$ cat target23.pdb   # PDB, C-alpha atoms
MODEL        1
ATOM      1  CA  MET A  13      44.387 -11.948 -52.655
ATOM      2  CA  ASN A  14      44.174  -8.367 -53.980
ATOM      3  CA  ALA A  15      41.711  -5.659 -52.930
ATOM      4  CA  ILE A  16      39.236  -6.224 -55.777
ATOM      5  CA  LYS A  17      38.641  -9.797 -54.567
ATOM      6  CA  PHE A  18      37.684  -8.462 -51.115
ATOM      7  CA  LEU A  19      35.303  -6.025 -52.793
ATOM      8  CA  PHE A  20      33.559  -8.762 -54.767
ATOM      9  CA  ALA A  21      33.574 -11.083 -51.747
ATOM     10  CA  ALA A  22      31.671  -8.439 -49.729
ATOM     11  CA  TYR A  23      29.099  -7.788 -52.487
ATOM     12  CA  ILE A  24      28.567 -11.497 -53.190
ATOM     13  CA  ALA A  25      28.253 -12.263 -49.457
ATOM     14  CA  THR A  26      25.618  -9.514 -49.114
ATOM     15  CA  TRP A  27      23.466 -10.886 -51.924
ATOM     16  CA  LEU A  28      23.951 -14.505 -50.861
ATOM     17  CA  ILE A  29      22.669 -13.675 -47.362
ATOM     18  CA  HIS A  30      19.679 -11.808 -48.819
ATOM     19  CA  ALA A  31      18.939 -14.598 -51.325
ATOM     20  CA  PHE A  32      19.113 -17.242 -48.576
ATOM     21  CA  TYR A  33      16.788 -15.256 -46.324
ATOM     22  CA  LEU A  34      14.297 -14.500 -49.129
ATOM     23  CA  GLY A  35      14.381 -18.221 -50.020
ATOM     24  CA  THR A  36      13.451 -19.168 -46.441
ATOM     25  CA  LEU A  37      10.588 -16.612 -46.510
ATOM     26  CA  VAL A  38       9.198 -18.055 -49.761
ATOM     27  CA  ARG A  39       9.482 -21.613 -48.379
ATOM     28  CA  ARG A  40       7.723 -20.640 -45.135
ATOM     29  CA  PHE A  41       4.931 -18.844 -47.057
ATOM     30  CA  GLY A  42       4.382 -21.936 -49.219
ATOM     31  CA  ARG A  43       4.295 -24.302 -46.220
ATOM     32  CA  LEU A  44       1.839 -22.111 -44.273
ATOM     33  CA  ARG A  45      -0.476 -21.641 -47.284
ATOM     34  CA  ARG A  46      -0.553 -25.424 -47.840
ATOM     35  CA  GLU A  47      -1.220 -26.010 -44.150
ATOM     36  CA  LEU A  48      -4.049 -23.446 -44.119
ATOM     37  CA  LYS A  49      -5.606 -25.013 -47.210
ATOM     38  CA  GLU A  50      -5.484 -28.447 -45.545
ATOM     39  CA  LEU A  51      -7.141 -27.069 -42.410
ATOM     40  CA  HIS A  52      -9.944 -25.409 -44.364
ATOM     41  CA  LYS A  53     -10.704 -28.597 -46.296
ATOM     42  CA  PRO A  54     -14.174 -29.913 -45.404
TER      43      PRO A  54
ATOM     44  CA  MET B   9      -2.256  -3.519 -51.244
ATOM     45  CA  LYS B  10      -0.879  -6.163 -53.586
ATOM     46  CA  ARG B  11      -0.507  -3.544 -56.344
ATOM     47  CA  LEU B  12       1.369  -1.214 -54.007
ATOM     48  CA  PHE B  13       3.670  -4.080 -53.004
ATOM     49  CA  THR B  14       4.378  -4.918 -56.671
ATOM     50  CA  PHE B  15       4.992  -1.250 -57.516
ATOM     51  CA  LEU B  16       7.359  -0.825 -54.567
ATOM     52  CA  SER B  17       9.174  -4.067 -55.490
ATOM     53  CA  ILE B  18       9.796  -2.794 -59.035
ATOM     54  CA  VAL B  19      10.982   0.631 -57.778
ATOM     55  CA  THR B  20      13.273  -1.066 -55.226
ATOM     56  CA  ALA B  21      14.727  -3.425 -57.841
ATOM     57  CA  ILE B  22      15.507  -0.451 -60.140
ATOM     58  CA  LEU B  23      17.067   1.442 -57.223
ATOM     59  CA  LEU B  24      19.200  -1.564 -56.234
ATOM     60  CA  VAL B  25      20.490  -2.068 -59.788
ATOM     61  CA  TYR B  26      21.187   1.671 -60.179
ATOM     62  CA  GLY B  27      22.842   1.679 -56.736
ATOM     63  CA  LEU B  28      25.072  -1.230 -57.748
ATOM     64  CA  TYR B  29      26.086   0.625 -60.916
ATOM     65  CA  GLN B  30      26.802   3.778 -58.928
ATOM     66  CA  ALA B  31      28.839   1.880 -56.336
ATOM     67  CA  LEU B  32      30.946  -0.199 -58.717
ATOM     68  CA  VAL B  33      31.240   2.027 -61.802
ATOM     69  CA  ALA B  34      30.172   5.661 -61.364
ATOM     70  CA  ALA B  35      31.684   6.477 -57.948
ATOM     71  CA  PRO B  36      35.368   7.490 -58.111
ATOM     72  CA  THR B  37      38.044   5.273 -56.587
ATOM     73  CA  GLU B  38      39.150   6.396 -53.143
ATOM     74  CA  ARG B  39      42.789   7.568 -53.035
ATOM     75  CA  THR B  40      44.146   5.670 -49.991
ATOM     76  CA  MET B  41      42.066   2.479 -49.848
ATOM     77  CA  GLY B  42      41.459   1.984 -53.557
ATOM     78  CA  ASP B  43      38.554  -0.090 -54.873
ATOM     79  CA  VAL B  44      37.985  -1.911 -51.589
ATOM     80  CA  GLN B  45      36.481   1.324 -50.193
ATOM     81  CA  ARG B  46      33.434   0.609 -52.420
ATOM     82  CA  ILE B  47      32.320  -1.869 -49.724
ATOM     83  CA  PHE B  48      31.242   1.326 -47.924
ATOM     84  CA  TYR B  49      28.245   1.634 -50.317
ATOM     85  CA  TYR B  50      26.811  -1.643 -49.001
ATOM     86  CA  HIS B  51      28.221  -1.714 -45.466
ATOM     87  CA  VAL B  52      26.842   1.627 -44.223
ATOM     88  CA  PRO B  53      23.358   1.390 -45.856
ATOM     89  CA  SER B  54      23.016  -2.120 -44.369
ATOM     90  CA  ALA B  55      23.878  -0.734 -40.907
ATOM     91  CA  TRP B  56      21.421   2.146 -41.375
ATOM     92  CA  THR B  57      18.627  -0.247 -42.426
ATOM     93  CA  ALA B  58      19.353  -2.545 -39.458
ATOM     94  CA  PHE B  59      19.135   0.458 -37.093
ATOM     95  CA  CYS B  60      15.804   1.555 -38.660
ATOM     96  CA  LEU B  61      14.409  -1.963 -38.282
ATOM     97  CA  PHE B  62      15.551  -2.220 -34.646
ATOM     98  CA  PHE B  63      13.937   1.174 -34.037
ATOM     99  CA  THR B  64      10.702  -0.161 -35.607
ATOM    100  CA  ASN B  65      11.016  -3.162 -33.294
ATOM    101  CA  LEU B  66      11.345  -0.820 -30.295
ATOM    102  CA  ILE B  67       8.271   1.224 -31.245
ATOM    103  CA  ALA B  68       6.197  -1.891 -32.009
ATOM    104  CA  SER B  69       7.258  -3.456 -28.688
ATOM    105  CA  ILE B  70       6.281  -0.327 -26.741
ATOM    106  CA  VAL B  71       2.922  -0.223 -28.565
ATOM    107  CA  TYR B  72       2.411  -3.917 -27.763
ATOM    108  CA  LEU B  73       3.239  -3.405 -24.072
ATOM    109  CA  ALA B  74       0.805  -0.472 -23.921
ATOM    110  CA  THR B  75      -2.079  -1.869 -25.969
ATOM    111  CA  LYS B  76      -1.492  -5.681 -26.293
ATOM    112  CA  ARG B  77      -2.336  -5.397 -29.983
ATOM    113  CA  MET B  78      -1.436  -8.595 -31.840
ATOM    114  CA  LYS B  79      -0.413  -6.677 -34.985
ATOM    115  CA  ALA B  80       2.169  -4.641 -33.034
ATOM    116  CA  ASP B  81       3.695  -7.881 -31.742
ATOM    117  CA  ALA B  82       3.763  -9.321 -35.282
ATOM    118  CA  LEU B  83       5.542  -6.183 -36.543
ATOM    119  CA  ALA B  84       8.045  -6.435 -33.671
ATOM    120  CA  VAL B  85       8.939 -10.038 -34.631
ATOM    121  CA  ALA B  86       9.181  -9.161 -38.336
ATOM    122  CA  SER B  87      11.389  -6.094 -37.859
ATOM    123  CA  ALA B  88      13.705  -7.891 -35.424
ATOM    124  CA  GLU B  89      14.258 -10.815 -37.810
ATOM    125  CA  VAL B  90      14.920  -8.640 -40.876
ATOM    126  CA  GLY B  91      17.092  -6.341 -38.730
ATOM    127  CA  VAL B  92      19.224  -9.331 -37.737
ATOM    128  CA  VAL B  93      19.693 -10.191 -41.449
ATOM    129  CA  PHE B  94      20.953  -6.655 -42.216
ATOM    130  CA  CYS B  95      23.099  -6.607 -39.068
ATOM    131  CA  THR B  96      24.625  -9.951 -40.172
ATOM    132  CA  ILE B  97      25.596  -8.289 -43.469
ATOM    133  CA  VAL B  98      27.269  -5.473 -41.513
ATOM    134  CA  LEU B  99      29.226  -8.021 -39.455
ATOM    135  CA  VAL B 100      30.256  -9.940 -42.594
ATOM    136  CA  THR B 101      31.181  -7.014 -44.870
ATOM    137  CA  GLY B 102      33.008  -5.147 -42.056
ATOM    138  CA  PRO B 103      35.765  -7.757 -41.562
ATOM    139  CA  ILE B 104      36.053  -8.259 -45.364
ATOM    140  CA  TRP B 105      36.721  -4.503 -45.614
ATOM    141  CA  ALA B 106      38.993  -4.456 -42.556
ATOM    142  CA  ARG B 107      41.335  -7.231 -43.733
ATOM    143  CA  PRO B 108      42.979  -5.380 -46.670
ATOM    144  CA  VAL B 109      42.787  -1.948 -44.976
ATOM    145  CA  TRP B 110      43.768  -2.700 -41.338
ATOM    146  CA  GLY B 111      45.530  -5.999 -41.985
ATOM    147  CA  ILE B 112      43.216  -7.836 -39.556
ATOM    148  CA  TRP B 113      39.767  -9.370 -39.838
ATOM    149  CA  TRP B 114      38.525  -8.307 -36.415
ATOM    150  CA  THR B 115      39.532  -6.255 -33.404
ATOM    151  CA  TRP B 116      37.714  -5.872 -30.087
ATOM    152  CA  ASP B 117      37.223  -2.170 -30.565
ATOM    153  CA  VAL B 118      34.131  -0.388 -29.164
ATOM    154  CA  ARG B 119      32.199   0.007 -32.457
ATOM    155  CA  LEU B 120      32.760  -3.583 -33.568
ATOM    156  CA  THR B 121      32.108  -5.107 -30.150
ATOM    157  CA  THR B 122      28.900  -3.143 -29.514
ATOM    158  CA  THR B 123      27.647  -4.108 -32.998
ATOM    159  CA  LEU B 124      28.312  -7.768 -32.208
ATOM    160  CA  VAL B 125      26.505  -7.357 -28.856
ATOM    161  CA  LEU B 126      23.562  -5.718 -30.683
ATOM    162  CA  TRP B 127      23.379  -8.680 -33.073
ATOM    163  CA  LEU B 128      23.528 -11.131 -30.141
ATOM    164  CA  ILE B 129      20.725  -9.291 -28.298
ATOM    165  CA  TYR B 130      18.376  -9.552 -31.284
ATOM    166  CA  VAL B 131      19.382 -13.165 -31.991
ATOM    167  CA  SER B 132      18.470 -13.958 -28.361
ATOM    168  CA  TYR B 133      15.162 -12.114 -28.922
ATOM    169  CA  LEU B 134      14.439 -14.363 -31.923
ATOM    170  CA  VAL B 135      15.510 -17.494 -30.002
ATOM    171  CA  LEU B 136      13.097 -16.512 -27.220
ATOM    172  CA  ARG B 137      10.297 -16.054 -29.778
ATOM    173  CA  ARG B 138      11.120 -19.342 -31.480
ATOM    174  CA  PHE B 139      11.444 -21.669 -28.493
ATOM    175  CA  SER B 140       9.132 -20.198 -25.860
ATOM    176  CA  ASP B 141       5.430 -20.562 -26.498
ATOM    177  CA  THR B 142       3.695 -19.291 -23.382
ATOM    178  CA  ALA B 143       1.237 -16.407 -23.089
ATOM    179  CA  GLN B 144       4.000 -14.374 -21.384
ATOM    180  CA  THR B 145       6.479 -14.740 -24.291
ATOM    181  CA  PRO B 146       5.388 -11.641 -26.276
ATOM    182  CA  ILE B 147       5.569  -9.511 -23.109
ATOM    183  CA  LEU B 148       9.023 -10.834 -22.134
ATOM    184  CA  ALA B 149      10.238 -10.370 -25.719
ATOM    185  CA  ALA B 150       8.892  -6.809 -25.839
ATOM    186  CA  VAL B 151      10.716  -5.948 -22.599
ATOM    187  CA  LEU B 152      13.915  -7.523 -23.976
ATOM    188  CA  ALA B 153      13.475  -5.471 -27.174
ATOM    189  CA  VAL B 154      13.115  -2.226 -25.215
ATOM    190  CA  PHE B 155      16.366  -2.895 -23.299
ATOM    191  CA  GLY B 156      18.086  -4.262 -26.425
ATOM    192  CA  ALA B 157      17.353  -1.068 -28.347
ATOM    193  CA  LEU B 158      19.480   0.846 -25.823
ATOM    194  CA  ASP B 159      22.522  -0.619 -27.583
ATOM    195  CA  VAL B 160      21.634   1.086 -30.895
ATOM    196  CA  PRO B 161      22.653   4.637 -29.800
ATOM    197  CA  ILE B 162      25.723   3.159 -28.066
ATOM    198  CA  VAL B 163      26.787   1.578 -31.385
ATOM    199  CA  TYR B 164      26.053   4.781 -33.316
ATOM    200  CA  PHE B 165      27.804   7.237 -30.988
ATOM    201  CA  SER B 166      30.682   4.934 -29.975
ATOM    202  CA  ILE B 167      32.996   6.346 -32.661
ATOM    203  CA  TRP B 168      32.374   9.877 -31.359
ATOM    204  CA  PHE B 169      32.797   9.177 -27.665
ATOM    205  CA  PHE B 170      35.645   6.642 -27.752
ATOM    206  CA  ARG B 171      38.930   6.416 -29.590
ATOM    207  CA  THR B 172      38.363   3.498 -31.969
ATOM    208  CA  GLN B 173      39.984   1.896 -34.977
ATOM    209  CA  HIS B 174      36.712   2.274 -36.876
ATOM    210  CA  PRO B 175      36.703   5.338 -39.212
ATOM    211  CA  GLN B 176      35.008   8.524 -38.041
ATOM    212  CA  PRO B 177      31.814   9.618 -39.854
ATOM    213  CA  VAL B 178      32.557  10.935 -43.344
ATOM    214  CA  MET B 179      29.625  13.352 -43.290
ATOM    215  CA  GLY B 180      29.110  16.085 -40.701
ATOM    216  CA  ARG B 181      31.574  16.839 -37.888
ATOM    217  CA  GLY B 182      34.075  18.263 -40.392
ATOM    218  CA  GLY B 183      34.107  15.191 -42.649
ATOM    219  CA  SER B 184      33.355  15.516 -46.351
ATOM    220  CA  LEU B 185      32.615  13.217 -49.286
ATOM    221  CA  ASP B 186      33.160  13.680 -53.016
ATOM    222  CA  PRO B 187      29.751  14.644 -54.583
ATOM    223  CA  ARG B 188      29.804  11.532 -56.837
ATOM    224  CA  MET B 189      30.568   9.329 -53.826
ATOM    225  CA  LEU B 190      27.800  11.055 -51.874
ATOM    226  CA  HIS B 191      25.356  10.444 -54.746
ATOM    227  CA  ALA B 192      26.280   6.716 -54.902
ATOM    228  CA  PHE B 193      25.981   6.470 -51.136
ATOM    229  CA  LEU B 194      22.566   8.178 -50.963
ATOM    230  CA  ILE B 195      21.173   6.030 -53.804
ATOM    231  CA  ASN B 196      22.274   2.878 -51.992
ATOM    232  CA  LEU B 197      20.945   4.218 -48.699
ATOM    233  CA  LEU B 198      17.537   4.759 -50.303
ATOM    234  CA  ALA B 199      17.658   1.396 -52.141
ATOM    235  CA  PHE B 200      18.565  -0.558 -48.988
ATOM    236  CA  SER B 201      15.956   1.300 -46.912
ATOM    237  CA  CYS B 202      13.229   0.443 -49.464
ATOM    238  CA  PHE B 203      14.478  -3.145 -49.701
ATOM    239  CA  GLY B 204      14.511  -3.496 -45.894
ATOM    240  CA  ALA B 205      10.977  -2.088 -45.662
ATOM    241  CA  LEU B 206       9.716  -4.477 -48.365
ATOM    242  CA  VAL B 207      11.318  -7.547 -46.774
ATOM    243  CA  CYS B 208       9.941  -6.474 -43.378
ATOM    244  CA  TRP B 209       6.476  -6.083 -44.917
ATOM    245  CA  SER B 210       6.703  -9.610 -46.389
ATOM    246  CA  ARG B 211       7.895 -11.014 -43.048
ATOM    247  CA  TYR B 212       5.018  -9.204 -41.305
ATOM    248  CA  ARG B 213       2.510 -10.819 -43.703
ATOM    249  CA  LEU B 214       4.164 -14.172 -43.050
ATOM    250  CA  GLU B 215       3.799 -13.647 -39.296
ATOM    251  CA  LEU B 216       0.089 -12.831 -39.693
ATOM    252  CA  LEU B 217      -0.368 -15.942 -41.838
ATOM    253  CA  HIS B 218       1.477 -18.013 -39.216
ATOM    254  CA  ARG B 219      -0.900 -16.757 -36.520
ATOM    255  CA  GLU B 220      -3.903 -17.485 -38.760
ATOM    256  CA  VAL B 221      -2.671 -21.080 -39.212
ATOM    257  CA  GLU B 222      -2.138 -21.452 -35.452
ATOM    258  CA  GLU B 223      -5.665 -20.177 -34.835
ATOM    259  CA  ALA B 224      -7.060 -22.578 -37.438
ATOM    260  CA  HIS B 225      -5.173 -25.445 -35.752
ATOM    261  CA  ALA B 226      -6.632 -24.445 -32.384
ATOM    262  CA  MET B 227     -10.156 -24.289 -33.832
ATOM    263  CA  ALA B 228      -9.687 -27.668 -35.529
ATOM    264  CA  SER B 229      -8.442 -29.300 -32.334
ATOM    265  CA  LEU B 230     -11.374 -27.760 -30.421
ATOM    266  CA  SER B 231     -13.912 -29.104 -32.907
ATOM    267  CA  ASP B 232     -12.167 -32.510 -32.713
ATOM    268  CA  ALA B 233     -12.281 -32.429 -28.927
ATOM    269  CA  GLU B 234     -15.978 -31.549 -28.691
ATOM    270  CA  PRO B 235     -17.396 -34.908 -29.937
ATOM    271  CA  ALA B 236     -14.786 -36.782 -27.883
ATOM    272  CA  LYS B 237     -15.907 -34.919 -24.765
ATOM    273  CA  ALA B 238     -19.511 -35.741 -25.587
ATOM    274  CA  THR B 239     -18.801 -39.445 -25.930
ATOM    275  CA  LEU B 240     -16.479 -39.625 -22.906
ATOM    276  CA  PRO B 241     -19.147 -40.630 -20.316
ATOM    277  CA  LEU B 242     -20.355 -43.437 -22.612
ATOM    278  CA  ASN B 243     -16.882 -44.883 -22.982
ATOM    279  CA  ARG B 244     -16.040 -44.637 -19.294
ATOM    280  CA  SER B 245     -15.981 -48.019 -17.650
ATOM    281  CA  PRO B 246     -18.195 -48.415 -14.549
ATOM    282  CA  ARG B 247     -16.380 -48.143 -11.224
TER     283      ARG B 247
ENDMDL
END
$ encode --input "target23.pdb" --output "structure tokens"
Amino acid sequence: MNAIKFLFAAYIATWLIHAFYLGTLVRRFGRLRRELKELHKP
Amino acid sequence: MKRLFTFLSIVTAILLVYGLYQALVAAPTERTMGDVQRIFYYHVPSAWTAFCLFFTNLIASIVYLATKRMKADALAVASAEVGVVFCTIVLVTGPIWARPVWGIWWTWDVRLTTTLVLWLIYVSYLVLRRFSDTAQTPILAAVLAVFGALDVPIVYFSIWFFRTQHPQPVMGRGGSLDPRMLHAFLINLLAFSCFGALVCWSRYRLELLHREVEEAHAMASLSDAEPAKATLPLNRSPR
């Protein structure tokens, strides 16, 4: 494996970690908003 | 507030794209390490952002201990979680950089070990927040955060005080950086700082929403319990 592959591995790993974390945030926001809507239903 | 968030998101996205261009295309190739040195433009800004977020966690924890303000506690949780994400990136990109340069993925040198310990401290902070649900949890977590933050200066100054395999700082203390490399580095530093702040802001809003839902659950269970309490004597069988 040459050096350029390590470079791309590091950049891809960085953005994969960020994308995964942002995905969990979006999912948690959606779940909480749904839950709040259910609770406020008359 | 929503407009400011959208504006900052657009600015951050532009900065991140420009930073990526600077890191991969505009910055010159380093003479000894070659292209793999470009990991520096993501590795160091990620470490800087993690340190800023852990510092925010420290300040928010101190404010919470002094005032017991719920918003300070919410900010402490948010900054710790996002800080752990950035610290994870440091711990992932570091070994990927080390392998072609040092010939090893990991070594138990002071900088690397203290960074791993820092990550473990904040993971334990998040585990405490996640699995303990008593009234004392925010106080215990805030105390843990205050002691945990002591590791941040140890990580930062370790390469100055100890002989380590980790490179010495390239700026200050006699080190120098090519102006184009410095420009790429500063752009990425700014981009990652803005990105970290935005993600922390989103996580803070999520934490407030989570507390609102918990409060709504508590109110709902109280209003459910009230009629039950009222009917309890009627249902009780005679002794």
$ residues_around --input "target23.pdb" --residues "Met9 in chain B" --least-positions-apart "5" --cutoff "12 Å" --atoms "all atoms listed in the file" --output "list in words"
Thr14, Phe15, Leu16, Trp209, Ser210 and Arg213 of chain B
$ interface_residues --input "target23.pdb" --of "chain A" --to "chain B" --cutoff "7 Å" --atoms "all atoms listed in the file" --output "mmCIF file with C-alpha atoms, in the coordinates of the input"
data_model
loop_
_atom_site.group_PDB
_atom_site.id
_atom_site.type_symbol
_atom_site.label_atom_id
_atom_site.label_comp_id
_atom_site.auth_asym_id
_atom_site.auth_seq_id
_atom_site.Cartn_x
_atom_site.Cartn_y
_atom_site.Cartn_z
ATOM 1 C CA ALA A 15 41.711 -5.659 -52.930
ATOM 2 C CA ILE A 16 39.236 -6.224 -55.777
ATOM 3 C CA PHE A 18 37.684 -8.462 -51.115
ATOM 4 C CA LEU A 19 35.303 -6.025 -52.793
ATOM 5 C CA ALA A 22 31.671 -8.439 -49.729
ATOM 6 C CA THR A 26 25.618 -9.514 -49.114
ATOM 7 C CA PHE A 41 4.931 -18.844 -47.057
ATOM 8 C CA LEU A 44 1.839 -22.111 -44.273
ATOM 9 C CA LEU A 48 -4.049 -23.446 -44.119
ATOM 10 C CA LEU A 51 -7.141 -27.069 -42.410
#
$ residues_around --input "target23.pdb" --residues "Leu152 in chain B" --least-positions-apart "3" --cutoff "9 Å" --atoms "only C-alpha atoms" --output "number ranges by chain"
B: 129-130, 133, 147-149, 155-157
$ axis_aligned_box --input "target23.pdb" --around "range 31-46 of chain A" --padding-each-side "6 Å" --output "AutoDock Vina command-line options"
--center_x 9.3 --center_y -20.0 --center_z -47.8 --size_x 31.7 --size_y 22.9 --size_z 19.1
$ atom_distance --input "target23.pdb" --atom1 "CA of Ile195 in chain B" --atom2 "CA of Gly27 in chain B"
5.5 Å
$ atom_distance --input "target23.pdb" --atom1 "CA of Leu37 in chain A" --atom2 "CA of Leu73 in chain B"
27.1 Å
$ closest_residue --input "target23.pdb" --among "B:Thr64, B:Arg11, B:Cys208, B:Gly111" --to "Leu34 in chain A" --atoms "all atoms listed in the file"
B:Cys208
$ atom_distance --input "target23.pdb" --atom1 "CA of Asp232 in chain B" --atom2 "CA of Gly42 in chain A"
25.7 Å
$ closest_residue --input "target23.pdb" --among "B:Leu194, B:Ala226, B:Leu206, B:Val52" --to "Gln30 in chain B" --atoms "only C-alpha atoms"
B:Leu194
$ resolve_selection --input "target23.pdb" --expression "the PyMOL selection byres ((chain B and resi 125) around 12)" --output "list in words"
Val92, Cys95, Thr96, Leu99, Trp116, Val118, Arg119, Leu120, Thr121, Thr122, Thr123, Leu124, Leu126, Trp127, Leu128, Ile129, Tyr130, Val131, Ser132, Gly156, Ala157, Leu158, Asp159, Val160, Ile162 and Val163 of chain B
$ closest_residue --input "target23.pdb" --among "B:Cys202, B:Leu230, B:Leu190, B:Ile22" --to "Ala34 in chain B" --atoms "only C-alpha atoms"
B:Leu190
$ resolve_selection --input "target23.pdb" --expression "the PyMOL selection byres ((chain B and resi 69) around 10)" --output "list in words"
Phe63, Thr64, Asn65, Leu66, Ile67, Ala68, Ile70, Val71, Tyr72, Leu73, Ala74, Thr75, Lys76, Arg77, Ala80, Asp81, Ala82, Leu83, Ala84, Val85, Pro146, Ile147, Ala149, Ala150, Val151, Leu152, Ala153 and Val154 of chain B
$ write_last_selection --input "target23.pdb" --atoms "C-alpha atoms" --output "PDB file, in the coordinates of the input"
ATOM      1  CA  PHE B  63      13.937   1.174 -34.037  1.00  0.00           C
ATOM      2  CA  THR B  64      10.702  -0.161 -35.607  1.00  0.00           C
ATOM      3  CA  ASN B  65      11.016  -3.162 -33.294  1.00  0.00           C
ATOM      4  CA  LEU B  66      11.345  -0.820 -30.295  1.00  0.00           C
ATOM      5  CA  ILE B  67       8.271   1.224 -31.245  1.00  0.00           C
ATOM      6  CA  ALA B  68       6.197  -1.891 -32.009  1.00  0.00           C
ATOM      7  CA  ILE B  70       6.281  -0.327 -26.741  1.00  0.00           C
ATOM      8  CA  VAL B  71       2.922  -0.223 -28.565  1.00  0.00           C
ATOM      9  CA  TYR B  72       2.411  -3.917 -27.763  1.00  0.00           C
ATOM     10  CA  LEU B  73       3.239  -3.405 -24.072  1.00  0.00           C
ATOM     11  CA  ALA B  74       0.805  -0.472 -23.921  1.00  0.00           C
ATOM     12  CA  THR B  75      -2.079  -1.869 -25.969  1.00  0.00           C
ATOM     13  CA  LYS B  76      -1.492  -5.681 -26.293  1.00  0.00           C
ATOM     14  CA  ARG B  77      -2.336  -5.397 -29.983  1.00  0.00           C
ATOM     15  CA  ALA B  80       2.169  -4.641 -33.034  1.00  0.00           C
ATOM     16  CA  ASP B  81       3.695  -7.881 -31.742  1.00  0.00           C
ATOM     17  CA  ALA B  82       3.763  -9.321 -35.282  1.00  0.00           C
ATOM     18  CA  LEU B  83       5.542  -6.183 -36.543  1.00  0.00           C
ATOM     19  CA  ALA B  84       8.045  -6.435 -33.671  1.00  0.00           C
ATOM     20  CA  VAL B  85       8.939 -10.038 -34.631  1.00  0.00           C
ATOM     21  CA  PRO B 146       5.388 -11.641 -26.276  1.00  0.00           C
ATOM     22  CA  ILE B 147       5.569  -9.511 -23.109  1.00  0.00           C
ATOM     23  CA  ALA B 149      10.238 -10.370 -25.719  1.00  0.00           C
ATOM     24  CA  ALA B 150       8.892  -6.809 -25.839  1.00  0.00           C
ATOM     25  CA  VAL B 151      10.716  -5.948 -22.599  1.00  0.00           C
ATOM     26  CA  LEU B 152      13.915  -7.523 -23.976  1.00  0.00           C
ATOM     27  CA  ALA B 153      13.475  -5.471 -27.174  1.00  0.00           C
ATOM     28  CA  VAL B 154      13.115  -2.226 -25.215  1.00  0.00           C
TER      29      VAL B 154
END
